[in-house]
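File shown: my_file31.cif. Contents: mmCIF, C-alpha atoms.
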data_start
loop_
_atom_site.group_PDB
_atom_site.id
_atom_site.type_symbol
_atom_site.label_atom_id
_atom_site.label_comp_id
_atom_site.auth_asym_id
_atom_site.auth_seq_id
_atom_site.Cartn_x
_atom_site.Cartn_y
_atom_site.Cartn_z
ATOM 1 C CA MET A 222 -162.612 -6.088 111.137
ATOM 2 C CA ASP A 223 -161.381 -8.927 108.932
ATOM 3 C CA PRO A 224 -159.929 -9.077 105.406
ATOM 4 C CA PRO A 225 -160.577 -7.943 102.780
ATOM 5 C CA ASP A 226 -161.775 -4.621 104.305
ATOM 6 C CA HIS A 227 -159.156 -4.737 107.053
ATOM 7 C CA THR A 228 -156.413 -5.287 104.479
ATOM 8 C CA ARG A 229 -157.699 -2.498 102.245
ATOM 9 C CA LEU A 230 -157.808 0.098 105.020
ATOM 10 C CA ARG A 231 -154.589 -0.933 106.741
ATOM 11 C CA ARG A 232 -152.651 -0.642 103.470
ATOM 12 C CA MET A 233 -153.674 3.020 103.258
ATOM 13 C CA LEU A 234 -151.874 3.746 106.540
ATOM 14 C CA ILE A 235 -148.783 1.549 106.256
ATOM 15 C CA PRO A 236 -146.649 4.123 104.345
ATOM 16 C CA ASP A 237 -146.903 6.549 107.295
ATOM 17 C CA PHE A 238 -145.861 3.945 109.860
ATOM 18 C CA THR A 239 -142.968 2.139 108.189
ATOM 19 C CA PHE A 240 -139.672 2.019 110.068
ATOM 20 C CA ARG A 241 -138.132 4.376 107.491
ATOM 21 C CA ARG A 242 -140.950 6.928 107.838
ATOM 22 C CA VAL A 243 -140.782 6.846 111.643
ATOM 23 C CA GLU A 244 -136.993 7.104 111.479
ATOM 24 C CA GLN A 245 -137.485 10.426 109.670
ATOM 25 C CA LEU A 246 -139.358 11.636 112.755
ATOM 26 C CA ASP A 247 -136.400 10.957 115.080
ATOM 27 C CA GLY A 248 -135.255 14.566 114.937
ATOM 28 C CA ALA A 249 -138.739 15.937 115.627
ATOM 29 C CA ILE A 250 -139.279 13.543 118.530
ATOM 30 C CA GLN A 251 -135.867 14.370 119.989
ATOM 31 C CA ARG A 252 -136.729 18.073 119.827
ATOM 32 C CA ILE A 253 -140.006 17.361 121.604
ATOM 33 C CA CYS A 254 -138.148 15.485 124.368
ATOM 34 C CA ASP A 255 -135.612 18.270 124.840
ATOM 35 C CA GLY A 256 -138.234 21.005 124.731
ATOM 36 C CA LEU A 257 -140.382 19.317 127.372
ATOM 37 C CA LEU A 258 -137.390 18.755 129.650
ATOM 38 C CA ASP A 259 -136.255 22.350 129.141
ATOM 39 C CA ALA A 260 -139.669 23.519 130.320
ATOM 40 C CA MET A 261 -139.811 21.024 133.191
ATOM 41 C CA THR A 262 -136.395 22.023 134.572
ATOM 42 C CA HIS A 263 -136.643 25.752 133.828
ATOM 43 C CA GLY A 264 -135.281 28.133 136.423
ATOM 44 C CA ASP A 265 -134.911 26.705 139.919
ATOM 45 C CA ALA A 266 -137.373 23.836 139.387
ATOM 46 C CA THR A 267 -136.292 20.611 141.076
ATOM 47 C CA GLU A 268 -139.624 18.706 141.205
ATOM 48 C CA ALA A 269 -142.429 17.916 138.780
ATOM 49 C CA ASP A 270 -145.205 15.511 137.926
ATOM 50 C CA LEU A 271 -143.556 13.440 135.231
ATOM 51 C CA VAL A 272 -146.890 12.367 133.729
ATOM 52 C CA ALA A 273 -148.229 15.894 133.218
ATOM 53 C CA SER A 274 -144.877 17.444 132.272
ATOM 54 C CA TYR A 275 -143.361 14.757 130.058
ATOM 55 C CA ALA A 276 -144.997 11.336 129.719
ATOM 56 C CA LEU A 277 -148.345 12.617 128.425
ATOM 57 C CA PRO A 278 -147.301 15.540 126.181
ATOM 58 C CA LEU A 279 -144.477 13.577 124.498
ATOM 59 C CA PRO A 280 -146.615 10.990 122.645
ATOM 60 C CA THR A 281 -149.441 13.497 122.236
ATOM 61 C CA LEU A 282 -147.182 15.975 120.457
ATOM 62 C CA ALA A 283 -145.661 13.174 118.364
ATOM 63 C CA ILE A 284 -148.973 11.741 117.159
ATOM 64 C CA CYS A 285 -150.308 15.247 116.480
ATOM 65 C CA GLU A 286 -147.198 15.888 114.377
ATOM 66 C CA LEU A 287 -147.696 12.720 112.366
ATOM 67 C CA LEU A 288 -151.463 12.946 111.922
ATOM 68 C CA GLY A 289 -151.725 16.701 111.490
ATOM 69 C CA VAL A 290 -154.050 17.277 114.465
ATOM 70 C CA PRO A 291 -153.592 20.750 116.035
ATOM 71 C CA TYR A 292 -151.841 20.267 119.393
ATOM 72 C CA GLU A 293 -153.758 23.186 120.886
ATOM 73 C CA ASP A 294 -156.824 20.900 120.810
ATOM 74 C CA HIS A 295 -155.102 18.198 122.883
ATOM 75 C CA GLY A 296 -157.157 19.033 125.988
ATOM 76 C CA PHE A 297 -160.329 18.227 124.065
ATOM 77 C CA PHE A 298 -159.264 14.869 122.686
ATOM 78 C CA ARG A 299 -157.515 13.901 125.938
ATOM 79 C CA ALA A 300 -160.791 14.374 127.812
ATOM 80 C CA LYS A 301 -162.692 12.373 125.185
ATOM 81 C CA SER A 302 -160.027 9.660 125.290
ATOM 82 C CA ASN A 303 -160.366 9.345 129.069
ATOM 83 C CA ALA A 304 -164.134 8.987 128.774
ATOM 84 C CA LEU A 305 -163.824 6.381 126.012
ATOM 85 C CA THR A 306 -161.227 4.154 127.687
ATOM 86 C CA SER A 307 -162.380 4.332 131.308
ATOM 87 C CA VAL A 308 -163.561 1.047 132.795
ATOM 88 C CA ALA A 309 -165.455 2.924 135.516
ATOM 89 C CA GLY A 310 -167.262 5.523 133.418
ATOM 90 C CA ASP A 311 -170.855 5.989 132.319
ATOM 91 C CA PRO A 312 -171.585 4.271 128.965
ATOM 92 C CA ALA A 313 -173.703 7.262 127.899
ATOM 93 C CA GLU A 314 -170.767 9.605 128.559
ATOM 94 C CA ALA A 315 -168.481 7.302 126.588
ATOM 95 C CA MET A 316 -170.859 7.361 123.611
ATOM 96 C CA ALA A 317 -171.159 11.155 123.785
ATOM 97 C CA ALA A 318 -167.347 11.425 123.868
ATOM 98 C CA ARG A 319 -167.073 9.108 120.871
ATOM 99 C CA MET A 320 -169.517 11.183 118.848
ATOM 100 C CA ALA A 321 -167.840 14.474 119.802
ATOM 101 C CA LEU A 322 -164.410 13.191 118.810
ATOM 102 C CA TYR A 323 -165.820 11.708 115.616
ATOM 103 C CA GLY A 324 -167.413 15.019 114.639
ATOM 104 C CA TYR A 325 -164.206 16.951 115.348
ATOM 105 C CA LEU A 326 -162.043 14.628 113.231
ATOM 106 C CA ARG A 327 -164.583 14.375 110.404
ATOM 107 C CA ALA A 328 -164.610 18.156 110.094
ATOM 108 C CA LEU A 329 -160.802 18.256 110.171
ATOM 109 C CA ILE A 330 -160.546 15.708 107.344
ATOM 110 C CA GLU A 331 -163.059 17.669 105.279
ATOM 111 C CA ARG A 332 -161.023 20.864 105.739
ATOM 112 C CA ARG A 333 -157.807 19.113 104.703
ATOM 113 C CA THR A 334 -159.464 17.942 101.492
ATOM 114 C CA HIS A 335 -159.410 21.563 100.334
ATOM 115 C CA ASN A 336 -156.361 22.805 102.284
ATOM 116 C CA PRO A 337 -153.916 19.884 102.550
ATOM 117 C CA ALA A 338 -150.647 19.900 104.482
ATOM 118 C CA ASP A 339 -147.796 17.381 104.773
ATOM 119 C CA ASP A 340 -149.465 14.988 107.210
ATOM 120 C CA LEU A 341 -151.381 11.722 107.343
ATOM 121 C CA ILE A 342 -154.827 13.305 107.523
ATOM 122 C CA SER A 343 -154.159 15.362 104.401
ATOM 123 C CA ARG A 344 -152.929 12.298 102.507
ATOM 124 C CA LEU A 345 -156.015 10.323 103.540
ATOM 125 C CA ALA A 346 -158.257 13.220 102.518
ATOM 126 C CA THR A 347 -156.705 13.919 99.124
ATOM 127 C CA GLU A 348 -155.402 10.499 98.053
ATOM 128 C CA ARG A 349 -158.027 8.151 99.512
ATOM 129 C CA VAL A 350 -161.300 9.924 100.317
ATOM 130 C CA ALA A 351 -161.259 12.309 97.340
ATOM 131 C CA THR A 352 -160.517 9.408 94.970
ATOM 132 C CA GLY A 353 -163.205 7.150 96.430
ATOM 133 C CA GLU A 354 -160.786 4.537 97.826
ATOM 134 C CA ALA A 355 -162.120 5.214 101.312
ATOM 135 C CA THR A 356 -165.298 6.824 102.569
ATOM 136 C CA LEU A 357 -165.197 9.839 104.861
ATOM 137 C CA ASP A 358 -166.587 7.644 107.658
ATOM 138 C CA GLU A 359 -163.813 5.078 107.158
ATOM 139 C CA ALA A 360 -161.131 7.756 107.202
ATOM 140 C CA THR A 361 -162.611 9.329 110.329
ATOM 141 C CA GLY A 362 -162.697 5.981 112.090
ATOM 142 C CA MET A 363 -159.061 5.264 111.238
ATOM 143 C CA VAL A 364 -157.836 8.666 112.391
ATOM 144 C CA SER A 365 -159.863 8.402 115.600
ATOM 145 C CA LEU A 366 -158.289 5.040 116.408
ATOM 146 C CA LEU A 367 -154.783 6.299 115.616
ATOM 147 C CA LEU A 368 -155.231 9.420 117.738
ATOM 148 C CA LEU A 369 -156.492 7.516 120.773
ATOM 149 C CA ALA A 370 -154.060 4.621 120.555
ATOM 150 C CA GLY A 371 -151.183 6.875 119.545
ATOM 151 C CA HIS A 372 -151.044 8.788 122.809
ATOM 152 C CA GLU A 373 -152.967 6.738 125.388
ATOM 153 C CA THR A 374 -150.759 3.646 125.333
ATOM 154 C CA THR A 375 -147.333 5.303 125.309
ATOM 155 C CA ALA A 376 -148.388 7.950 127.845
ATOM 156 C CA ASN A 377 -149.305 5.155 130.275
ATOM 157 C CA MET A 378 -146.320 2.985 129.426
ATOM 158 C CA PHE A 379 -143.784 5.736 130.017
ATOM 159 C CA PRO A 380 -144.163 6.399 133.772
ATOM 160 C CA LEU A 381 -144.363 2.665 134.490
ATOM 161 C CA ALA A 382 -141.105 2.184 132.575
ATOM 162 C CA VAL A 383 -139.478 4.954 134.633
ATOM 163 C CA ILE A 384 -140.621 3.284 137.865
ATOM 164 C CA ALA A 385 -139.317 -0.096 136.689
ATOM 165 C CA LEU A 386 -135.905 1.346 135.799
ATOM 166 C CA LEU A 387 -135.571 3.348 139.025
ATOM 167 C CA HIS A 388 -136.165 0.110 140.916
ATOM 168 C CA ASN A 389 -133.478 -1.629 138.861
ATOM 169 C CA PRO A 390 -130.357 0.493 139.539
ATOM 170 C CA ALA A 391 -127.947 -2.070 138.079
ATOM 171 C CA GLY A 392 -129.876 -2.134 134.810
ATOM 172 C CA LEU A 393 -130.137 1.655 134.742
ATOM 173 C CA ASP A 394 -126.384 1.985 135.326
ATOM 174 C CA ALA A 395 -125.777 -0.378 132.395
ATOM 175 C CA LEU A 396 -128.011 1.759 130.148
ATOM 176 C CA ARG A 397 -126.256 4.943 131.182
ATOM 177 C CA ALA A 398 -122.909 3.358 130.379
ATOM 178 C CA ASP A 399 -123.961 1.959 126.995
ATOM 179 C CA ASP A 400 -126.583 3.704 124.831
ATOM 180 C CA SER A 401 -126.678 0.720 122.475
ATOM 181 C CA LEU A 402 -128.633 -1.219 125.135
ATOM 182 C CA TRP A 403 -131.664 1.077 124.938
ATOM 183 C CA PRO A 404 -133.495 -0.603 122.011
ATOM 184 C CA GLY A 405 -133.303 -3.986 123.728
ATOM 185 C CA ALA A 406 -134.264 -2.454 127.075
ATOM 186 C CA VAL A 407 -137.386 -0.952 125.491
ATOM 187 C CA GLU A 408 -138.400 -4.427 124.264
ATOM 188 C CA GLU A 409 -137.843 -5.835 127.751
ATOM 189 C CA LEU A 410 -139.927 -3.074 129.335
ATOM 190 C CA LEU A 411 -142.704 -3.647 126.796
ATOM 191 C CA ARG A 412 -142.648 -7.361 127.656
ATOM 192 C CA HIS A 413 -142.521 -6.790 131.404
ATOM 193 C CA LEU A 414 -145.262 -4.141 131.598
ATOM 194 C CA THR A 415 -147.658 -5.046 128.744
ATOM 195 C CA VAL A 416 -149.886 -2.030 129.416
ATOM 196 C CA ILE A 417 -152.943 -3.259 127.461
ATOM 197 C CA HIS A 418 -154.875 -5.053 130.201
ATOM 198 C CA SER A 419 -158.279 -5.406 128.580
ATOM 199 C CA GLY A 420 -157.447 -8.702 126.884
ATOM 200 C CA ILE A 421 -157.592 -9.425 123.162
ATOM 201 C CA ARG A 422 -161.051 -10.716 122.279
ATOM 202 C CA ARG A 423 -161.336 -13.200 119.430
ATOM 203 C CA VAL A 424 -163.716 -15.857 118.092
ATOM 204 C CA ALA A 425 -162.413 -19.278 117.069
ATOM 205 C CA THR A 426 -162.970 -19.934 113.370
ATOM 206 C CA GLN A 427 -162.431 -23.684 113.778
ATOM 207 C CA ASP A 428 -162.122 -26.264 116.558
ATOM 208 C CA VAL A 429 -158.781 -26.050 118.296
ATOM 209 C CA ASP A 430 -157.202 -28.010 121.169
ATOM 210 C CA LEU A 431 -155.090 -25.935 123.546
ATOM 211 C CA SER A 432 -153.446 -27.407 126.649
ATOM 212 C CA GLY A 433 -155.995 -30.192 126.801
ATOM 213 C CA VAL A 434 -159.006 -27.890 126.333
ATOM 214 C CA ARG A 435 -161.222 -28.019 123.259
ATOM 215 C CA ILE A 436 -162.186 -24.569 121.957
ATOM 216 C CA ARG A 437 -164.991 -25.013 119.471
ATOM 217 C CA ALA A 438 -165.603 -22.954 116.334
ATOM 218 C CA GLY A 439 -167.708 -19.928 117.175
ATOM 219 C CA GLU A 440 -166.667 -19.758 120.826
ATOM 220 C CA GLY A 441 -165.192 -16.547 122.179
ATOM 221 C CA VAL A 442 -161.745 -16.381 123.736
ATOM 222 C CA VAL A 443 -159.813 -13.671 125.594
ATOM 223 C CA VAL A 444 -156.052 -13.700 125.045
ATOM 224 C CA VAL A 445 -154.250 -12.253 128.081
ATOM 225 C CA LEU A 446 -151.091 -10.736 126.629
ATOM 226 C CA GLN A 447 -149.376 -10.052 129.949
ATOM 227 C CA SER A 448 -149.585 -13.736 130.888
ATOM 228 C CA ALA A 449 -147.981 -14.712 127.589
ATOM 229 C CA ASN A 450 -145.221 -12.148 128.123
ATOM 230 C CA ARG A 451 -144.409 -13.621 131.529
ATOM 231 C CA ASP A 452 -144.529 -17.261 130.471
ATOM 232 C CA PRO A 453 -141.708 -18.988 132.418
ATOM 233 C CA SER A 454 -141.334 -21.577 129.667
ATOM 234 C CA VAL A 455 -140.282 -18.739 127.327
ATOM 235 C CA TYR A 456 -138.571 -16.212 129.628
ATOM 236 C CA ALA A 457 -136.340 -17.169 132.538
ATOM 237 C CA ASP A 458 -137.250 -15.291 135.731
ATOM 238 C CA PRO A 459 -140.092 -13.552 133.834
ATOM 239 C CA ASP A 460 -141.105 -11.180 136.643
ATOM 240 C CA ALA A 461 -137.665 -9.526 136.654
ATOM 241 C CA VAL A 462 -136.567 -6.656 134.384
ATOM 242 C CA ASP A 463 -133.355 -7.647 132.612
ATOM 243 C CA VAL A 464 -132.085 -4.975 130.203
ATOM 244 C CA HIS A 465 -129.721 -7.550 128.672
ATOM 245 C CA ARG A 466 -132.526 -10.010 127.855
ATOM 246 C CA ASP A 467 -133.566 -10.766 124.274
ATOM 247 C CA ALA A 468 -137.290 -10.020 124.615
ATOM 248 C CA SER A 469 -137.912 -9.567 120.885
ATOM 249 C CA GLY A 470 -140.546 -12.328 120.786
ATOM 250 C CA HIS A 471 -142.961 -10.564 123.142
ATOM 251 C CA VAL A 472 -146.587 -9.915 122.168
ATOM 252 C CA ALA A 473 -147.117 -6.495 123.795
ATOM 253 C CA PHE A 474 -148.155 -5.190 120.347
ATOM 254 C CA GLY A 475 -150.335 -8.190 119.594
ATOM 255 C CA HIS A 476 -149.623 -10.755 116.897
ATOM 256 C CA GLY A 477 -150.554 -11.518 113.323
ATOM 257 C CA LEU A 478 -152.456 -9.323 110.902
ATOM 258 C CA HIS A 479 -153.921 -7.152 113.690
ATOM 259 C CA GLN A 480 -150.539 -6.391 115.232
ATOM 260 C CA CYS A 481 -150.222 -2.745 116.309
ATOM 261 C CA LEU A 482 -149.645 -0.508 113.298
ATOM 262 C CA GLY A 483 -147.875 2.183 115.337
ATOM 263 C CA GLN A 484 -145.323 -0.027 117.077
ATOM 264 C CA SER A 485 -142.313 1.589 115.374
ATOM 265 C CA LEU A 486 -143.489 5.013 116.552
ATOM 266 C CA ALA A 487 -144.046 3.742 120.104
ATOM 267 C CA ARG A 488 -140.574 2.168 120.222
ATOM 268 C CA THR A 489 -138.969 5.391 118.992
ATOM 269 C CA GLU A 490 -140.839 7.531 121.524
ATOM 270 C CA LEU A 491 -139.879 5.221 124.387
ATOM 271 C CA ARG A 492 -136.238 4.888 123.319
ATOM 272 C CA LEU A 493 -135.666 8.608 122.833
ATOM 273 C CA GLY A 494 -137.902 9.684 125.700
ATOM 274 C CA LEU A 495 -136.350 7.396 128.293
ATOM 275 C CA SER A 496 -132.726 7.759 127.201
ATOM 276 C CA THR A 497 -133.014 11.567 127.066
ATOM 277 C CA LEU A 498 -134.712 11.731 130.476
ATOM 278 C CA PHE A 499 -132.090 9.654 132.288
ATOM 279 C CA ARG A 500 -129.200 11.314 130.471
ATOM 280 C CA ARG A 501 -130.311 14.841 131.305
ATOM 281 C CA LEU A 502 -131.513 14.067 134.831
ATOM 282 C CA PRO A 503 -128.967 11.588 136.253
ATOM 283 C CA ASN A 504 -130.268 12.142 139.806
ATOM 284 C CA LEU A 505 -133.912 11.519 138.950
ATOM 285 C CA ARG A 506 -135.843 9.903 141.774
ATOM 286 C CA MET A 507 -139.435 9.302 142.822
ATOM 287 C CA THR A 508 -140.751 11.377 145.708
ATOM 288 C CA SER A 509 -143.633 9.026 146.545
ATOM 289 C CA PRO A 510 -143.585 5.249 147.059
ATOM 290 C CA PRO A 511 -145.111 3.253 144.186
ATOM 291 C CA GLU A 512 -147.900 1.881 146.381
ATOM 292 C CA SER A 513 -149.171 5.428 146.992
ATOM 293 C CA LEU A 514 -149.615 6.233 143.295
ATOM 294 C CA ALA A 515 -153.151 6.417 141.912
ATOM 295 C CA LEU A 516 -153.744 3.932 139.105
ATOM 296 C CA SER A 517 -155.566 4.995 135.976
ATOM 297 C CA THR A 518 -159.098 3.710 135.416
ATOM 298 C CA SER A 519 -158.357 3.073 131.751
ATOM 299 C CA THR A 520 -158.188 -0.256 129.952
ATOM 300 C CA VAL A 521 -154.544 0.769 129.468
ATOM 301 C CA HIS A 522 -152.591 0.174 132.676
ATOM 302 C CA GLY A 523 -150.865 3.250 134.068
ATOM 303 C CA VAL A 524 -150.630 5.849 136.841
ATOM 304 C CA ARG A 525 -152.351 9.219 136.963
ATOM 305 C CA SER A 526 -149.286 11.077 138.192
ATOM 306 C CA LEU A 527 -145.641 10.400 139.039
ATOM 307 C CA PRO A 528 -144.019 12.972 141.355
ATOM 308 C CA VAL A 529 -140.241 13.117 140.773
ATOM 309 C CA ALA A 530 -137.276 15.233 141.814
ATOM 310 C CA TRP A 531 -133.770 15.569 140.412
ATOM 311 C CA SER A 532 -131.723 17.827 142.696
#
Output the file's structure as structure tokens, nothing else.
Amino acid sequence: MDPPDHTRLRRMLIPDFTFRRVEQLDGAIQRICDGLLDAMTHGDATEADLVASYALPLPTLAICELLGVPYEDHGFFRAKSNALTSVAGDPAEAMAARMALYGYLRALIERRTHNPADDLISRLATERVATGEATLDEATGMVSLLLLAGHETTANMFPLAVIALLHNPAGLDALRADDSLWPGAVEELLRHLTVIHSGIRRVATQDVDLSGVRIRAGEGVVVVLQSANRDPSVYADPDAVDVHRDASGHVAFGHGLHQCLGQSLARTELRLGLSTLFRRLPNLRMTSPPESLALSTSTVHGVRSLPVAWS
């Protein structure tokens, strides 16, 4: 979508995703991290699947908290998300999943119009849809996108970040010794991993010359973000993870007016989730070699499970 409709709809969501608003969620996200780790390490437990026990429920709980989607329904929208984002699935199944998720969220927005709570869906329902600023279809589409993107990307990013850090003991030691390095380390991990692997599809609006190639107006292009984030002319030794690197110019969240709306939330989840995990489980280790892990079939790069131990 392009302006002016893109601008109109995006402005409705910005107040819920500002740095200040997300900062107010720090306490809730920290409680989610601690609660999940309490459950994972309960009793005599010394092993777990980090994806199922921590990496997936953390962003799912957080986005449910922000949007106002009941967490008890997470199994439903997780299944629909998998069907929608799979690169190996049946297109008919993907369409059926899209329609089922759409119907669920549309009904939820309608209910919140009459029984609002303190969440994004209620604000959309009462302040935008009820006033005619947005249609019910527009609101449903926005919430659907936020729900899918709000848990799918971070859930896949998290285990890959853990693997990267476990294979960089010097960097992990530095992070354990100095908490102030975590925000920069998150940027470096975002740069290094760039979990969106589907490419950003765009159409040139005018002729442009790039590296000696003429791209003509109307031609389609695919921008490969992970290649940009490992450009050796920008980042020295780009294939290495350096927690001391200034990676703030990366494009893991895209660029320009379509840049990811939820990037502040993703950064907070990764910073708190990773720092809490490695602080509470200093002996964390993988119990399977990386090459044995099953990759996800999603357009978002990730692993299906990550067996770990901490005794």
Applying the PyMOL selection byres ((chain A and resi 417) around 9) to the file I just gave you, which residues come out? Please list them as a JSON list (two decimals) with C-alpha atoms, in the coordinates of the input.
[["chain", "number", "residue", "atom", "x", "y", "z"],
["A", 374, "THR", "CA", -150.76, 3.65, 125.33],
["A", 414, "LEU", "CA", -145.26, -4.14, 131.60],
["A", 415, "THR", "CA", -147.66, -5.05, 128.74],
["A", 416, "VAL", "CA", -149.89, -2.03, 129.42],
["A", 418, "HIS", "CA", -154.88, -5.05, 130.20],
["A", 419, "SER", "CA", -158.28, -5.41, 128.58],
["A", 420, "GLY", "CA", -157.45, -8.70, 126.88],
["A", 421, "ILE", "CA", -157.59, -9.43, 123.16],
["A", 446, "LEU", "CA", -151.09, -10.74, 126.63],
["A", 447, "GLN", "CA", -149.38, -10.05, 129.95],
["A", 473, "ALA", "CA", -147.12, -6.50, 123.80],
["A", 474, "PHE", "CA", -148.16, -5.19, 120.35],
["A", 520, "THR", "CA", -158.19, -0.26, 129.95],
["A", 521, "VAL", "CA", -154.54, 0.77, 129.47],
["A", 522, "HIS", "CA", -152.59, 0.17, 132.68]]
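Here the question is which of A:Ala266, A:Val290, A:Leu258, A:Leu329 gets nearest to Gly494 (chain A) using all atoms listed in the file, and that residue is A:Leu258.
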Which residues come within 12 Å of Ala461 (chain A), counting all atoms listed in the file, excluding same-chain residues fewer than 6 positions away, as a tab-separated table (two decimals) with C-alpha atoms, keeping the file's coordinate frame?
chain	number	residue	atom	x	y	z
A	385	ALA	CA	-139.32	-0.10	136.69
A	386	LEU	CA	-135.90	1.35	135.80
A	388	HIS	CA	-136.16	0.11	140.92
A	389	ASN	CA	-133.48	-1.63	138.86
A	392	GLY	CA	-129.88	-2.13	134.81
A	409	GLU	CA	-137.84	-5.84	127.75
A	410	LEU	CA	-139.93	-3.07	129.34
A	412	ARG	CA	-142.65	-7.36	127.66
A	413	HIS	CA	-142.52	-6.79	131.40
A	414	LEU	CA	-145.26	-4.14	131.60
A	450	ASN	CA	-145.22	-12.15	128.12
A	451	ARG	CA	-144.41	-13.62	131.53
A	453	PRO	CA	-141.71	-18.99	132.42
Name the residues captured by the PyMOL selection byres ((chain A and resi 519) around 6) when it is applied to the shown file; answer as a PDB file with C-alpha atoms, in the coordinates of the input.
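Wrote it out as expr.pdb, contents follow:
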ATOM      1  CA  THR A 306    -161.227   4.154 127.687  1.00  0.00           C
ATOM      2  CA  SER A 307    -162.380   4.332 131.308  1.00  0.00           C
ATOM      3  CA  VAL A 308    -163.561   1.047 132.795  1.00  0.00           C
ATOM      4  CA  SER A 517    -155.566   4.995 135.976  1.00  0.00           C
ATOM      5  CA  THR A 518    -159.098   3.710 135.416  1.00  0.00           C
ATOM      6  CA  THR A 520    -158.188  -0.256 129.952  1.00  0.00           C
ATOM      7  CA  VAL A 521    -154.544   0.769 129.468  1.00  0.00           C
TER       8      VAL A 521
END
(request) I need the residue set behind the PyMOL selection byres ((chain A and resi 277-279) around 12) for this file; please write it as a PyMOL selection string. (result) chain A and resi 249-258+260-261+270-276+280-286+292-293+295-296+299+371-380+486-487+489-491+493-495+497-498+523-527
Could you turn the residues from that selection into a file that holds C-alpha atoms, as an mmCIF file, in the frame of the given file?
data_model
loop_
_atom_site.group_PDB
_atom_site.id
_atom_site.type_symbol
_atom_site.label_atom_id
_atom_site.label_comp_id
_atom_site.auth_asym_id
_atom_site.auth_seq_id
_atom_site.Cartn_x
_atom_site.Cartn_y
_atom_site.Cartn_z
ATOM 1 C CA ALA A 249 -138.739 15.937 115.627
ATOM 2 C CA ILE A 250 -139.279 13.543 118.530
ATOM 3 C CA GLN A 251 -135.867 14.370 119.989
ATOM 4 C CA ARG A 252 -136.729 18.073 119.827
ATOM 5 C CA ILE A 253 -140.006 17.361 121.604
ATOM 6 C CA CYS A 254 -138.148 15.485 124.368
ATOM 7 C CA ASP A 255 -135.612 18.270 124.840
ATOM 8 C CA GLY A 256 -138.234 21.005 124.731
ATOM 9 C CA LEU A 257 -140.382 19.317 127.372
ATOM 10 C CA LEU A 258 -137.390 18.755 129.650
ATOM 11 C CA ALA A 260 -139.669 23.519 130.320
ATOM 12 C CA MET A 261 -139.811 21.024 133.191
ATOM 13 C CA ASP A 270 -145.205 15.511 137.926
ATOM 14 C CA LEU A 271 -143.556 13.440 135.231
ATOM 15 C CA VAL A 272 -146.890 12.367 133.729
ATOM 16 C CA ALA A 273 -148.229 15.894 133.218
ATOM 17 C CA SER A 274 -144.877 17.444 132.272
ATOM 18 C CA TYR A 275 -143.361 14.757 130.058
ATOM 19 C CA ALA A 276 -144.997 11.336 129.719
ATOM 20 C CA PRO A 280 -146.615 10.990 122.645
ATOM 21 C CA THR A 281 -149.441 13.497 122.236
ATOM 22 C CA LEU A 282 -147.182 15.975 120.457
ATOM 23 C CA ALA A 283 -145.661 13.174 118.364
ATOM 24 C CA ILE A 284 -148.973 11.741 117.159
ATOM 25 C CA CYS A 285 -150.308 15.247 116.480
ATOM 26 C CA GLU A 286 -147.198 15.888 114.377
ATOM 27 C CA TYR A 292 -151.841 20.267 119.393
ATOM 28 C CA GLU A 293 -153.758 23.186 120.886
ATOM 29 C CA HIS A 295 -155.102 18.198 122.883
ATOM 30 C CA GLY A 296 -157.157 19.033 125.988
ATOM 31 C CA ARG A 299 -157.515 13.901 125.938
ATOM 32 C CA GLY A 371 -151.183 6.875 119.545
ATOM 33 C CA HIS A 372 -151.044 8.788 122.809
ATOM 34 C CA GLU A 373 -152.967 6.738 125.388
ATOM 35 C CA THR A 374 -150.759 3.646 125.333
ATOM 36 C CA THR A 375 -147.333 5.303 125.309
ATOM 37 C CA ALA A 376 -148.388 7.950 127.845
ATOM 38 C CA ASN A 377 -149.305 5.155 130.275
ATOM 39 C CA MET A 378 -146.320 2.985 129.426
ATOM 40 C CA PHE A 379 -143.784 5.736 130.017
ATOM 41 C CA PRO A 380 -144.163 6.399 133.772
ATOM 42 C CA LEU A 486 -143.489 5.013 116.552
ATOM 43 C CA ALA A 487 -144.046 3.742 120.104
ATOM 44 C CA THR A 489 -138.969 5.391 118.992
ATOM 45 C CA GLU A 490 -140.839 7.531 121.524
ATOM 46 C CA LEU A 491 -139.879 5.221 124.387
ATOM 47 C CA LEU A 493 -135.666 8.608 122.833
ATOM 48 C CA GLY A 494 -137.902 9.684 125.700
ATOM 49 C CA LEU A 495 -136.350 7.396 128.293
ATOM 50 C CA THR A 497 -133.014 11.567 127.066
ATOM 51 C CA LEU A 498 -134.712 11.731 130.476
ATOM 52 C CA GLY A 523 -150.865 3.250 134.068
ATOM 53 C CA VAL A 524 -150.630 5.849 136.841
ATOM 54 C CA ARG A 525 -152.351 9.219 136.963
ATOM 55 C CA SER A 526 -149.286 11.077 138.192
ATOM 56 C CA LEU A 527 -145.641 10.400 139.039
#
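Note that the spacing between CA of Pro459 (chain A) and CA of Leu381 (chain A) amounts to 16.8 Å.
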(request) List the neighbours of Val442 (chain A) out to 7 Å using only C-alpha atoms; skip same-chain residues closer than 3 positions along the sequence, and give me the result as a ChimeraX atom specification. (result) /A:422-424
Selection file, C-alpha atoms, as a short mmCIF file (atom, residue, chain, number, x, y, z; two decimals), in the frame of the given file:
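Output file result-v2.cif follows:
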data_model
loop_
_atom_site.label_atom_id
_atom_site.label_comp_id
_atom_site.auth_asym_id
_atom_site.auth_seq_id
_atom_site.Cartn_x
_atom_site.Cartn_y
_atom_site.Cartn_z
CA ARG A 422 -161.05 -10.72 122.28
CA ARG A 423 -161.34 -13.20 119.43
CA VAL A 424 -163.72 -15.86 118.09
#
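Across the structure, CA of Val464 (chain A) and CA of Ala269 (chain A) are spaced 26.5 Å apart.
Across the structure, CA of His465 (chain A) and CA of Ala406 (chain A) are spaced 7.0 Å apart.
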